[in-house]
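This is final_27.txt. It holds compact mmCIF, C-alpha atoms and all ligand atoms.
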# COMPACT_ATOMS: atom_id res chain seq x y z
CA MET A 1 12.10 8.40 -22.48
CA PRO A 2 11.94 5.04 -20.66
CA PRO A 3 9.83 5.28 -17.49
CA LEU A 4 12.70 4.64 -15.09
CA SER A 5 15.61 6.35 -16.80
CA ALA A 6 16.24 8.38 -13.64
CA ALA A 7 16.78 5.26 -11.56
CA PRO A 8 18.89 2.49 -13.12
CA ALA A 9 19.34 0.62 -9.80
CA PHE A 10 15.59 0.65 -9.30
CA ARG A 11 15.02 -0.62 -12.83
CA ALA A 12 17.41 -3.51 -12.12
CA LEU A 13 15.43 -4.35 -8.98
CA ALA A 14 12.13 -4.29 -10.87
CA ALA A 15 13.62 -6.63 -13.47
CA ARG A 16 14.34 -9.12 -10.68
CA VAL A 17 10.64 -9.53 -9.81
CA ARG A 18 9.71 -13.00 -11.03
CA PRO A 19 6.20 -14.12 -11.91
CA VAL A 20 4.54 -15.83 -8.95
CA GLU A 21 4.75 -19.64 -8.98
CA ARG A 22 1.42 -20.79 -10.42
CA LYS A 23 2.46 -24.45 -10.18
CA VAL A 24 2.87 -24.19 -6.40
CA GLY A 25 -0.56 -22.53 -6.29
CA ASP A 26 -2.03 -25.49 -8.22
CA ALA A 27 -0.44 -27.92 -5.75
CA VAL A 28 -1.87 -25.95 -2.79
CA ARG A 29 -5.30 -25.96 -4.45
CA ALA A 30 -5.18 -29.73 -4.86
CA TYR A 31 -3.91 -30.25 -1.28
CA LEU A 32 -6.73 -28.08 0.13
CA ASP A 33 -9.23 -30.59 -1.27
CA THR A 34 -7.57 -33.40 0.73
CA LEU A 35 -8.09 -31.60 4.06
CA THR A 36 -10.94 -32.52 6.41
CA LYS A 37 -13.58 -30.10 5.15
CA PRO A 38 -16.00 -30.08 2.23
CA PRO A 39 -14.14 -28.82 -0.86
CA GLY A 40 -14.13 -25.03 -1.04
CA SER A 41 -15.84 -24.64 2.34
CA LEU A 42 -13.19 -22.26 3.67
CA GLY A 43 -14.10 -19.85 0.90
CA ASP A 44 -11.84 -16.90 0.30
CA LEU A 45 -9.34 -18.25 2.84
CA GLU A 46 -8.61 -21.04 0.35
CA ALA A 47 -7.90 -18.54 -2.44
CA LEU A 48 -5.64 -16.69 0.00
CA ALA A 49 -3.74 -19.90 0.80
CA VAL A 50 -3.26 -20.54 -2.93
CA GLN A 51 -1.94 -17.01 -3.43
CA LEU A 52 0.46 -17.34 -0.48
CA GLY A 53 1.75 -20.58 -2.02
CA GLU A 54 2.27 -18.83 -5.36
CA ILE A 55 4.04 -15.88 -3.77
CA THR A 56 6.36 -17.77 -1.46
CA GLY A 57 6.88 -20.79 -3.72
CA ARG A 58 6.13 -23.00 -0.71
CA ALA A 59 3.31 -25.48 -0.23
CA LYS A 60 3.39 -24.60 3.50
CA PRO A 61 3.93 -20.83 3.46
CA GLU A 62 4.85 -18.76 6.51
CA VAL A 63 4.11 -15.05 6.95
CA SER A 64 5.32 -14.30 10.48
CA PRO A 65 6.90 -12.13 11.61
CA PRO A 66 5.32 -9.31 9.63
CA ALA A 67 6.75 -5.81 9.17
CA CYS A 68 4.67 -2.64 9.35
CA ILE A 69 6.33 0.28 7.61
CA VAL A 70 4.69 3.71 7.79
CA PHE A 71 5.94 6.30 5.31
CA ALA A 72 5.26 9.93 6.27
CA ALA A 73 5.39 12.97 4.02
CA ASP A 74 3.78 16.34 3.42
CA HIS A 75 1.99 17.79 0.42
CA GLY A 76 2.26 21.38 -0.78
CA VAL A 77 -1.30 21.10 -2.02
CA ALA A 78 -2.42 21.20 1.64
CA ALA A 79 -2.01 24.99 1.34
CA GLU A 80 -4.91 25.05 -1.15
CA GLY A 81 -7.36 24.08 1.61
CA VAL A 82 -8.10 20.49 0.56
CA SER A 83 -7.91 18.76 3.96
CA ALA A 84 -9.79 19.05 7.25
CA PHE A 85 -6.44 19.17 9.05
CA GLY A 86 -3.36 21.37 8.85
CA GLN A 87 -0.01 20.21 7.54
CA ASP A 88 1.58 20.34 11.02
CA VAL A 89 -0.46 17.26 11.95
CA THR A 90 1.83 15.08 9.81
CA ALA A 91 4.89 15.82 11.99
CA GLN A 92 2.75 15.62 15.13
CA MET A 93 1.47 12.19 14.16
CA VAL A 94 5.02 11.02 13.43
CA ALA A 95 5.86 11.97 17.02
CA ASN A 96 2.75 10.05 18.11
CA PHE A 97 3.92 6.95 16.18
CA ALA A 98 7.32 7.24 17.89
CA ALA A 99 5.63 7.52 21.28
CA GLY A 100 3.49 4.44 20.58
CA GLY A 101 0.13 6.24 20.69
CA ALA A 102 -1.33 5.76 17.20
CA ALA A 103 -3.76 3.12 15.95
CA ILE A 104 -1.01 1.40 13.98
CA ASN A 105 1.06 1.03 17.17
CA ALA A 106 -1.83 -0.81 18.81
CA PHE A 107 -2.54 -3.02 15.78
CA ALA A 108 1.14 -3.76 14.99
CA ALA A 109 1.62 -4.89 18.59
CA GLN A 110 -1.35 -7.28 18.27
CA ILE A 111 0.30 -9.11 15.38
CA ASN A 112 3.88 -8.91 16.79
CA ALA A 113 5.02 -6.82 13.85
CA ARG A 114 8.32 -5.02 13.47
CA LEU A 115 7.14 -1.39 13.16
CA GLU A 116 9.26 1.21 11.41
CA VAL A 117 8.29 4.81 10.74
CA VAL A 118 10.12 6.50 7.86
CA ASN A 119 10.23 10.24 7.29
CA VAL A 120 10.37 10.44 3.50
CA GLY A 121 9.28 14.05 3.26
CA VAL A 122 7.73 15.65 6.33
CA ALA A 123 7.77 19.45 6.01
CA GLY A 124 8.23 20.31 9.68
CA ASP A 125 11.02 19.31 12.02
CA VAL A 126 10.58 15.80 13.32
CA GLU A 127 11.85 15.28 16.81
CA ALA A 128 10.94 11.69 17.35
CA PRO A 129 13.42 9.04 18.46
CA GLY A 130 13.47 5.88 16.38
CA VAL A 131 11.99 7.47 13.27
CA VAL A 132 14.16 6.74 10.23
CA ASN A 133 15.18 9.99 8.58
CA ALA A 134 15.18 9.40 4.81
CA ARG A 135 13.76 12.79 3.90
CA VAL A 136 14.00 13.49 0.18
CA ARG A 137 12.66 17.03 0.60
CA ARG A 138 10.44 18.99 3.00
CA GLY A 139 7.11 18.13 1.42
CA THR A 140 6.09 18.43 -2.21
CA ALA A 141 5.17 21.66 -3.96
CA SER A 142 1.51 22.39 -4.63
CA MET A 143 0.44 20.52 -7.78
CA LEU A 144 -1.69 23.57 -8.60
CA ARG A 145 1.38 25.81 -8.94
CA GLY A 146 3.72 23.40 -10.75
CA PRO A 147 5.00 19.82 -10.60
CA ALA A 148 4.80 18.35 -7.10
CA MET A 149 8.47 17.34 -7.37
CA SER A 150 11.24 16.58 -9.85
CA ARG A 151 11.64 13.18 -11.52
CA GLU A 152 14.84 12.77 -9.47
CA ASP A 153 12.96 13.32 -6.20
CA ALA A 154 10.24 10.92 -7.34
CA ALA A 155 12.88 8.29 -8.12
CA ALA A 156 14.53 8.97 -4.75
CA SER A 157 11.20 8.37 -3.00
CA LEU A 158 10.91 4.96 -4.68
CA ASN A 159 14.38 4.10 -3.39
CA VAL A 160 13.47 5.13 0.18
CA GLY A 161 10.72 2.52 0.02
CA VAL A 162 13.06 -0.12 -1.39
CA ASP A 163 15.59 0.50 1.39
CA ALA A 164 12.95 0.31 4.15
CA ALA A 165 11.51 -2.93 2.75
CA GLU A 166 14.97 -4.44 2.49
CA ARG A 167 15.76 -3.48 6.11
CA ALA A 168 12.60 -5.29 7.24
CA LEU A 169 13.31 -8.36 5.12
CA ASP A 170 16.98 -8.46 6.21
CA ALA A 171 15.68 -8.44 9.80
CA GLY A 172 13.77 -11.65 9.01
CA CYS A 173 10.28 -10.35 8.28
CA ARG A 174 8.21 -12.53 5.96
CA CYS A 175 5.38 -10.18 5.06
CA LEU A 176 5.19 -6.44 4.35
CA ILE A 177 2.38 -4.23 5.63
CA VAL A 178 2.87 -0.76 4.22
CA GLY A 179 1.09 2.38 5.40
CA ASP A 180 1.00 6.14 4.92
CA MET A 181 0.73 9.34 6.91
CA GLY A 182 0.47 12.65 5.10
CA ILE A 183 -2.04 15.45 5.39
CA ALA A 184 -3.62 16.11 1.95
CA ASN A 185 -2.42 12.83 0.47
CA THR A 186 -5.95 11.84 -0.61
CA THR A 187 -5.68 14.79 -3.03
CA ALA A 188 -2.35 13.53 -4.40
CA ALA A 189 -3.58 9.92 -4.58
CA SER A 190 -6.80 10.99 -6.35
CA ALA A 191 -4.81 13.00 -8.88
CA VAL A 192 -2.44 10.10 -9.58
CA LEU A 193 -5.40 7.76 -9.96
CA ALA A 194 -7.24 10.19 -12.26
CA VAL A 195 -4.24 10.25 -14.61
CA LEU A 196 -3.51 6.51 -14.45
CA SER A 197 -7.13 5.39 -14.78
CA GLY A 198 -8.39 8.14 -17.11
CA GLN A 199 -11.39 8.59 -14.81
CA PRO A 200 -12.71 12.08 -13.97
CA ALA A 201 -11.54 13.47 -10.63
CA ALA A 202 -15.16 13.96 -9.53
CA ARG A 203 -15.68 10.17 -9.55
CA LEU A 204 -12.62 9.54 -7.35
CA VAL A 205 -12.41 12.33 -4.85
CA GLY A 206 -13.76 11.87 -1.34
CA THR A 207 -13.80 13.66 1.96
CA GLY A 208 -10.48 12.23 3.24
CA THR A 209 -10.05 13.23 6.87
CA GLY A 210 -13.56 14.80 6.82
CA ILE A 211 -14.05 17.93 4.70
CA ASP A 212 -17.48 19.45 4.01
CA GLN A 213 -19.25 19.55 0.61
CA ALA A 214 -17.93 23.03 -0.30
CA LYS A 215 -14.34 21.96 0.34
CA LEU A 216 -14.97 18.75 -1.58
CA ALA A 217 -16.00 20.72 -4.69
CA HIS A 218 -12.88 22.87 -4.28
CA LYS A 219 -10.69 19.73 -3.89
CA ILE A 220 -12.09 18.32 -7.16
CA SER A 221 -11.44 21.63 -8.93
CA VAL A 222 -7.83 21.78 -7.62
CA ILE A 223 -7.13 18.32 -9.04
CA GLU A 224 -8.85 19.06 -12.35
CA ARG A 225 -6.91 22.31 -12.78
CA ALA A 226 -3.57 20.65 -11.90
CA ILE A 227 -4.11 17.86 -14.43
CA GLU A 228 -5.29 20.27 -17.09
CA ALA A 229 -2.32 22.58 -16.57
CA ARG A 230 0.21 19.77 -16.93
CA PRO A 231 -1.04 16.90 -19.07
CA THR A 232 1.06 13.88 -18.12
CA ASP A 233 1.55 10.66 -20.04
CA ALA A 234 -0.20 7.90 -18.10
CA GLY A 235 2.33 5.50 -19.66
CA SER A 236 5.13 7.13 -17.66
CA PRO A 237 4.35 6.37 -13.99
CA LEU A 238 7.44 8.21 -12.71
CA ASP A 239 6.28 11.38 -14.46
CA VAL A 240 2.80 11.00 -12.99
CA LEU A 241 4.31 10.57 -9.50
CA ALA A 242 6.49 13.66 -10.02
CA SER A 243 3.69 15.80 -11.45
CA VAL A 244 0.85 15.21 -8.98
CA GLY A 245 1.99 12.50 -6.55
CA GLY A 246 3.64 12.38 -3.18
CA LEU A 247 6.84 11.19 -1.56
CA GLU A 248 5.16 8.58 0.67
CA ILE A 249 3.19 7.31 -2.34
CA GLY A 250 6.48 6.76 -4.19
CA ALA A 251 8.05 5.09 -1.15
CA MET A 252 5.11 2.69 -0.79
CA ALA A 253 5.38 1.75 -4.48
CA GLY A 254 9.10 1.10 -4.02
CA ALA A 255 8.44 -1.06 -0.96
CA TYR A 256 5.96 -3.26 -2.87
CA ILE A 257 8.44 -3.78 -5.68
CA ALA A 258 11.23 -4.66 -3.22
CA GLY A 259 8.92 -7.08 -1.39
CA ALA A 260 7.95 -8.74 -4.66
CA ALA A 261 11.61 -8.99 -5.69
CA ARG A 262 12.26 -10.93 -2.47
CA GLY A 263 9.19 -13.17 -2.89
CA VAL A 264 7.19 -12.00 0.12
CA PRO A 265 3.50 -11.09 0.31
CA CYS A 266 2.73 -7.37 0.51
CA VAL A 267 -0.53 -6.46 2.22
CA VAL A 268 -2.02 -3.31 0.72
CA ASP A 269 -3.90 -0.92 3.02
CA GLY A 270 -6.54 1.63 1.92
CA PHE A 271 -6.95 4.24 -0.80
CA ILE A 272 -3.50 5.85 -0.82
CA ALA A 273 -1.75 2.48 -0.49
CA THR A 274 -3.79 1.05 -3.38
CA VAL A 275 -2.90 3.99 -5.62
CA ALA A 276 0.75 3.34 -4.71
CA ALA A 277 0.17 -0.32 -5.58
CA LEU A 278 -1.23 0.75 -8.96
CA LEU A 279 1.90 2.82 -9.57
CA ALA A 280 4.05 -0.18 -8.63
CA ASP A 281 2.00 -2.33 -11.01
CA ARG A 282 2.52 0.17 -13.84
CA LEU A 283 6.27 0.34 -13.11
CA CYS A 284 6.60 -3.44 -12.85
CA PRO A 285 3.52 -5.53 -13.78
CA GLU A 286 4.83 -8.75 -12.17
CA VAL A 287 4.33 -7.07 -8.77
CA ARG A 288 0.56 -7.58 -8.96
CA GLY A 289 0.77 -11.26 -8.02
CA TYR A 290 2.49 -10.39 -4.72
CA LEU A 291 -0.21 -7.96 -3.57
CA ILE A 292 -2.92 -8.95 -1.10
CA PHE A 293 -5.57 -6.30 -0.50
CA GLY A 294 -6.32 -5.86 3.19
CA HIS A 295 -9.48 -3.78 3.34
CA ARG A 296 -11.96 -1.65 1.42
CA SER A 297 -11.59 2.01 2.38
CA ALA A 298 -14.55 4.37 2.63
CA GLU A 299 -12.80 6.76 0.22
CA PRO A 300 -14.73 6.50 -3.10
CA GLY A 301 -11.63 6.39 -5.31
CA HIS A 302 -10.59 3.17 -3.62
CA GLU A 303 -13.34 1.31 -5.47
CA VAL A 304 -11.98 2.53 -8.80
CA ALA A 305 -8.35 1.73 -7.93
CA LEU A 306 -9.41 -1.78 -6.86
CA GLU A 307 -11.37 -2.26 -10.10
CA VAL A 308 -8.38 -1.23 -12.21
CA LEU A 309 -6.21 -3.74 -10.32
CA HIS A 310 -8.92 -6.47 -10.39
CA ALA A 311 -8.56 -6.64 -6.62
CA GLU A 312 -10.96 -7.85 -3.95
CA PRO A 313 -10.04 -6.83 -0.39
CA LEU A 314 -10.28 -9.24 2.54
CA LEU A 315 -12.11 -6.89 4.93
CA ALA A 316 -14.73 -4.14 4.67
CA LEU A 317 -14.93 -2.25 7.95
CA GLY A 318 -15.73 1.26 6.72
CA MET A 319 -12.26 2.40 7.75
CA ARG A 320 -10.43 5.41 6.25
CA LEU A 321 -7.47 6.01 8.53
CA GLY A 322 -4.37 4.95 6.61
CA GLU A 323 -1.13 4.19 8.57
CA GLY A 324 -1.39 0.57 7.35
CA THR A 325 -4.17 -0.11 9.86
CA GLY A 326 -6.55 -1.99 7.54
CA ALA A 327 -3.70 -4.15 6.26
CA ALA A 328 -2.54 -4.92 9.80
CA LEU A 329 -6.08 -5.98 10.74
CA ALA A 330 -6.19 -8.34 7.74
CA PHE A 331 -2.88 -9.99 8.63
CA PRO A 332 -4.41 -12.59 11.01
CA LEU A 333 -6.30 -13.96 7.98
CA LEU A 334 -2.97 -14.62 6.24
CA LYS A 335 -1.81 -16.41 9.38
CA ALA A 336 -5.02 -18.45 9.42
CA ALA A 337 -4.51 -19.47 5.78
CA CYS A 338 -1.00 -20.69 6.66
CA ALA A 339 -2.24 -22.52 9.75
CA MET A 340 -4.92 -24.26 7.68
CA LEU A 341 -2.23 -25.68 5.38
CA ALA A 342 0.24 -26.51 8.17
CA GLU A 343 -2.06 -27.92 10.83
CA MET A 344 -5.22 -29.45 9.38
CA ALA A 345 -5.46 -33.20 8.97
CA THR A 346 -6.21 -34.79 5.62
CA PHE A 347 -9.17 -37.17 5.19
CA GLY A 348 -6.63 -40.01 5.04
CA ASP A 349 -4.73 -38.95 8.20
CA ALA A 350 -7.87 -38.51 10.28
CA GLY A 351 -9.78 -41.54 9.03
CA VAL A 352 -12.69 -39.38 7.88
CA ASP A 353 -14.63 -40.70 4.89
CA ASP A 354 -14.16 -38.63 1.79
CA THR A 355 -17.59 -39.27 0.32
CA ARG A 356 -16.61 -37.71 -3.01
CA SER A 357 -14.64 -40.87 -3.91
O1 LIG B 401 -6.14 4.89 3.65
C1 LIG B 401 -7.20 5.46 3.37
O2 LIG B 401 -8.08 4.91 2.71
C2 LIG B 401 -7.39 6.87 3.87
C3 LIG B 401 -8.53 7.58 3.53
C4 LIG B 401 -8.69 8.88 4.00
C5 LIG B 401 -7.68 9.46 4.77
N1 LIG B 401 -6.54 8.76 5.07
C6 LIG B 401 -5.46 9.39 5.89
O3 LIG B 401 -5.76 10.75 6.13
C7 LIG B 401 -4.75 11.60 5.66
C8 LIG B 401 -5.15 12.21 4.35
O4 LIG B 401 -6.42 12.80 4.37
P1 LIG B 401 -6.61 14.27 3.78
O5 LIG B 401 -8.03 14.61 4.03
O6 LIG B 401 -5.67 15.14 4.56
O7 LIG B 401 -6.24 14.18 2.35
C9 LIG B 401 -3.52 10.72 5.46
O8 LIG B 401 -2.71 10.78 6.60
C10 LIG B 401 -4.09 9.36 5.21
O9 LIG B 401 -3.29 8.36 5.79
C11 LIG B 401 -6.41 7.50 4.65
C1 LIG B 402 -5.18 12.57 13.59
C2 LIG B 402 -4.86 11.92 12.27
C3 LIG B 402 -4.28 10.65 12.25
C4 LIG B 402 -3.98 10.06 11.02
N1 LIG B 402 -3.43 8.90 10.67
C5 LIG B 402 -3.35 8.82 9.35
N2 LIG B 402 -3.85 9.94 8.84
C6 LIG B 402 -4.25 10.73 9.83
C7 LIG B 402 -4.82 12.00 9.83
C8 LIG B 402 -5.14 12.59 11.05
C9 LIG B 402 -5.75 13.94 11.05
Written form, structure tokens:
Amino acid sequence: MPPLSAAPAFRALAARVRPVERKVGDAVRAYLDTLTKPPGSLGDLEALAVQLGEITGRAKPEVSPPACIVFAADHGVAAEGVSAFGQDVTAQMVANFAAGGAAINAFAAQINARLEVVNVGVAGDVEAPGVVNARVRRGTASMLRGPAMSREDAAASLNVGVDAAERALDAGCRCLIVGDMGIANTTAASAVLAVLSGQPAARLVGTGTGIDQAKLAHKISVIERAIEARPTDAGSPLDVLASVGGLEIGAMAGAYIAGAARGVPCVVDGFIATVAALLADRLCPEVRGYLIFGHRSAEPGHEVALEVLHAEPLLALGMRLGEGTGAALAFPLLKAACAMLAEMATFGDAGVDDTRS
């Protein structure tokens, strides 16, 4: 069965993702060496400028205004006692996002981002004005008892992400910052990563919101038993998402693919976001060139997911919050890379000797 047979429209979108423009990247690289600085002296910011050139196809890329999109959903596996918090916190935090009180509200405001919160699968009732209701179902089922969701629901979650990304891009946003909120989603993300990477759960699983060592051992065992009970073909990402994944994980993957299809940079947040990025990469490998990794999460599986994607994040702040916060904090570096290309003088312009010649 082809991986996306449940979603022909989505497959058409994925087929529209073009390889990033390496030639524009080469031109940016050459131009950087004409600017008034020793060659390479702006370090990783130079590599970032090259990547932004490749993604946007422009020698003078622009990334403002950015969009922050937070996808919220619940996980049936929360009932197995794998998180430090109860499932109700997902709906409560959605209300907090709507009221402007969460970390992502503060960080999105700092970068003048368009912030949208999307309910893709919160279990409880969400009474929060401004939250987009795109609920596919009220949370997933516990992966320990059966598949987390059907293939159709998994495909629907991808489409929720596509629609949200397209709303942001239609509103004029030039960069996507995608985040997650979902109690127990480190369990789902670890399980997806275990299947996709072939690594043992014990190497990937961490304490998430802050569980103790006994709960950590139980969390590992839950994931191992779920994977053992339902062996899933790692070559079929939609099946992996349906078997052990989550609705917000699917939505994030869909958003990355939609962003790539429209030629905009997508800034990836922490562990859950990177697992969603890996799913997007497996669904549509051209997406990888459009992904910029914002920060290194404290969750141990993040390291593995980054290795698999050959990714090096911009920041390492020991954060493990989610919501898109690490990606939002990295955004000013994208702006700085653009400003470097747009505003710096060349050796010729400024009359500074280029002693290399
Ligand atoms: O993004 C990360 O790296 C990250 C690491 C640990 C926890 N989180 C957030 O914490 C919640 C999941 O943690 P848990 O312990 O309930 O699985 C969920 O709302 C995530 O956004 C996020
Ligand atoms: C309070 C709280 C806020 C969060 N934001 C993202 N995940 C979260 C988990 C908890 C528990």
Next item on the list: Compute the set of protein, DNA and RNA residues whose minimum atom distance to ligand LIG 402 (chain B) is at most 7 Å, using only C-alpha atoms and all ligand atoms, and state it as a VMD selection string.
Entry: chain A and resid 85 89 93 180 to 183 209 321 to 323
Notebook entry, point to check: Within 9 Å of ligand LIG 401 (chain B), counting all atoms listed in the file: which residues, as a PyMOL selection string?
Noted result: chain A and resi 72-73+78+82-87+89-90+93+179-189+206-211+269-274+295-302+319-326
Just need the box for stretch 242-246 of chain A, edges along x, y and z, holding every atom the file lists for it with 3 Å tacked onto each side, so centre and edge lengths in Å to one decimal, as AutoDock Vina command-line options.
--center_x 3.7 --center_y 14.1 --center_z -7.3 --size_x 11.6 --size_y 9.4 --size_z 14.3
Check: So how far away is atom CA of A:Val287 from atom CA of A:Ala14, in Å?
Finding: 8.5 Å
Next item on the list: Determine the nearest neighbour of A:Ser64 from the options A:Ile292, A:Ala154, A:Ile111, A:Val17, counting all atoms listed in the file.
Entry: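 Smallest separation from A:Ser64 among the options: A:Ile111.
Across the model, the gap from atom CA of A:Pro265 to atom CA of A:Asn112 is 16.6 Å.
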Note to self: Using all atoms listed in the file for the distances, tell me which of A:Leu204, A:Ala30, A:Lys37, A:Pro19 is nearest to A:Thr355.
What the structure shows: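 Closest residue, counting all atoms listed in the file: A:Lys37.
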